[in-house]
Structure formats: C-alpha cells, structure tokens
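Taking it in order: structure first as structure tokens, then the write-up.
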Amino acid sequence: MRPAPRKLSSEAELYTAAVRALMRRAYSVHEMHAYLERRSEEPALAHRLVTRLKGEKLIDDARYALEFARQHARSRKQGRHRITRELRTRGVPDRHIESAIAQTFAETDEALLAQKLIERKLRNARGPLEPRHTASLYRMLLRAGFDSELVRRQLRVSLAAHAAEVPELPEDDSAGEA
C-alpha cells in the first residue's frame with residue numbers, strides 16, 4: 001500500500017506537481033481539482049491553481065472530452081454509451097460530452113466498430129455457435145457501450161456470415177450401421 005502523498009504548502013510546489021501530473025496523462029478540470037486538493041494543505045490554493053491552469057490552457061474539458069472519446073472509440077472500440085458514462089464519472093460537463101461524442105461518431109462509424117469486435121470474437125470460435133456464446137457476445141458488446149438495436153442488427157449479419165463459412169460436420173454413420 002502506498003503512503004499518502006506529501007502535502008504541499010506553497011503555490012509553486014503545487015503548480016510543479018500539477019504540471020508533472022499533466023505530463024503523465026490528461027486530466028479533466030474536476031480530476032485536477034481533486035488531485036490538487038489531495039496534495040494541498042489548504043483547499044483555496046487548489047482552487048486558485050485550477051483557475052490558473054485553465055487560464056494557461058493546460059486543462060480544458062472540451063479538449064479532454066474530445067481526445068478521450070476519439071481514443072476510446074478508435075483504440076478500445078467502445079461505443080457512445082460507455083464513453084459518455086466514463087466521461088461523466090470523470091466530472092466532464094454534459095455539454096462537452098455531447099459535442100465530443102457527436103464529433104467523434106461523425107468521424108467514426110459505430111456499426112463498423114461493433115462489426116470489428118464481433119469478427120474478432122468469431123475468428124476464434126470453432127464450429128457452430130451455441131446460444132450461450134451468442135448471449136455472451138451480446139453482453140460484451142453492451143458493456144462496450146453500443147446501442148442494443150445496433151448490437152442485434154450487427155450480430156444477425158455477422159452470425160449469418162459466420163454460419164455460411166463454417167463447414168457442416170459429417171454425420172456419424174457408424175451409429176446406424178450396427
């Protein structure tokens with residue numbers, strides 16, 4: 001278990017800690033405020049520093065939401081519902097979330113993302129898919145944040161194509177010959 005971070009008392013020390021944190025990863029305004037409050041001896045200093053970081057354009061919720069949405073849609077192949085939920089938990093205002101989601105999914109086809117996930121899972125499947133495997137695939141896509149209607153539509157298309165590719169197993173004639 002890690003020890004609690006050392007409390008910082010001066011604005012310069014706290015600013016340096018904030019910039020170092022931003023070098024490691026991007027933060028929303030809410031996340032940065034919580035980080036600075038944990039590190040600061042006085043909460044007013046954290047608030048002042050967040051205002052300074054916003055003024056210097058080091059933290060910006062609109063930019064953060066857009067980059068987060070793009071990265072999670074393209075790299076992690078997540079849908080709009082999952083990205084929206086994660087941005088809300090990170091304290092990003094809804095107006096920034098909505099514009100980031102709209103812009104990201106105007107550039108990226110959500111149906112194609114779901115299709116790629118399905119194809120990747122079906123590549124490893126051997127033989128005909130059982131209903132429990134289909135249900136598992138459906139739940140995985142819902143957890144990834146895709147709309148249920150889109151998931152059903154893409155699954156129908158993919159499963160029909162997968163069934164056409166899987167060769168039929170020969171019937172076992174030895175049971176009838178005895």
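Lettering and numbering for the structure tokens are positional, with chains as A, B, ... in the shown order, residues counted from 1 in each chain, and ligands counted from 1 in the shown order.
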Please provide the set of residues having any atom within 8 Å of region 50-58 of chain A, restricted to only C-alpha atoms, with same-chain residues fewer than 5 positions apart removed, written as a PyMOL selection string. chain A and resi 22+29+32-33
Taking the backbone alone, and naming residues the way the document does, which bits of region 38-169 of chain A are alpha helix (DSSP H) by DSSP, as JSON, numbers by chain? {"A": [38, 39, 43, 44, 45, 46, 47, 48, 49, 50, 51, 52, 53, 54, 55, 61, 62, 63, 64, 65, 66, 67, 68, 69, 70, 71, 72, 73, 74, 80, 81, 82, 83, 84, 85, 86, 87, 88, 89, 94, 95, 96, 97, 98, 99, 100, 101, 102, 103, 104, 105, 106, 107, 110, 111, 112, 113, 114, 115, 116, 117, 118, 119, 120, 121, 122, 123, 131, 132, 133, 134, 135, 136, 137, 138, 139, 140, 141, 142, 143, 148, 149, 150, 151, 152, 153, 154, 155, 156, 157, 158, 159, 160, 161, 162, 163, 164, 165]}
Kindly indicate which residue among A:Arg153, A:Arg48, A:Ile118, A:Ser28 lies nearest to Ser136 (chain A), using only C-alpha atoms for the distances. A:Ile118
Can you tell me which residues surround region 64-74 of chain A at a distance of at most 9 Å, considering only C-alpha atoms, apart from same-chain residues fewer than 3 positions away, and format the answer as a ChimeraX atom specification? /A:26-28,59-61,77-80,83-84,87,92,96-97,99-101,103-105,108,110,113
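Separating CA of Tyr138 (chain A) from CA of Asp109 (chain A) is a distance of 18.7 Å.
Across the model, the gap from CA of Ser9 (chain A) to CA of Ser40 (chain A) is 6.2 Å.
Reported to one decimal place, the separation of CA of Ala4 (chain A) from CA of Arg90 (chain A) is 21.6 Å.
The shortest atom-to-atom distance to Glu130 (chain A), with only C-alpha atoms taken into account, belongs to A:Ala163 out of A:Glu13, A:Ala163, A:Glu37, A:Ala62.
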Residues within 12 Å of His133 (chain A), only C-alpha atoms, excluding chain neighbours under 5 positions, as a list in words: Ile118, Lys121, Leu122, Asn124, Ala125, Arg126, Gly127, Pro128, Tyr138, Arg139, Met140, Leu155 and Leu159 of chain A
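Closest approach to Val151 (chain A) among A:Leu36, A:Leu49, A:Leu112, A:Met1 is made by A:Leu112 (distances from only C-alpha atoms).
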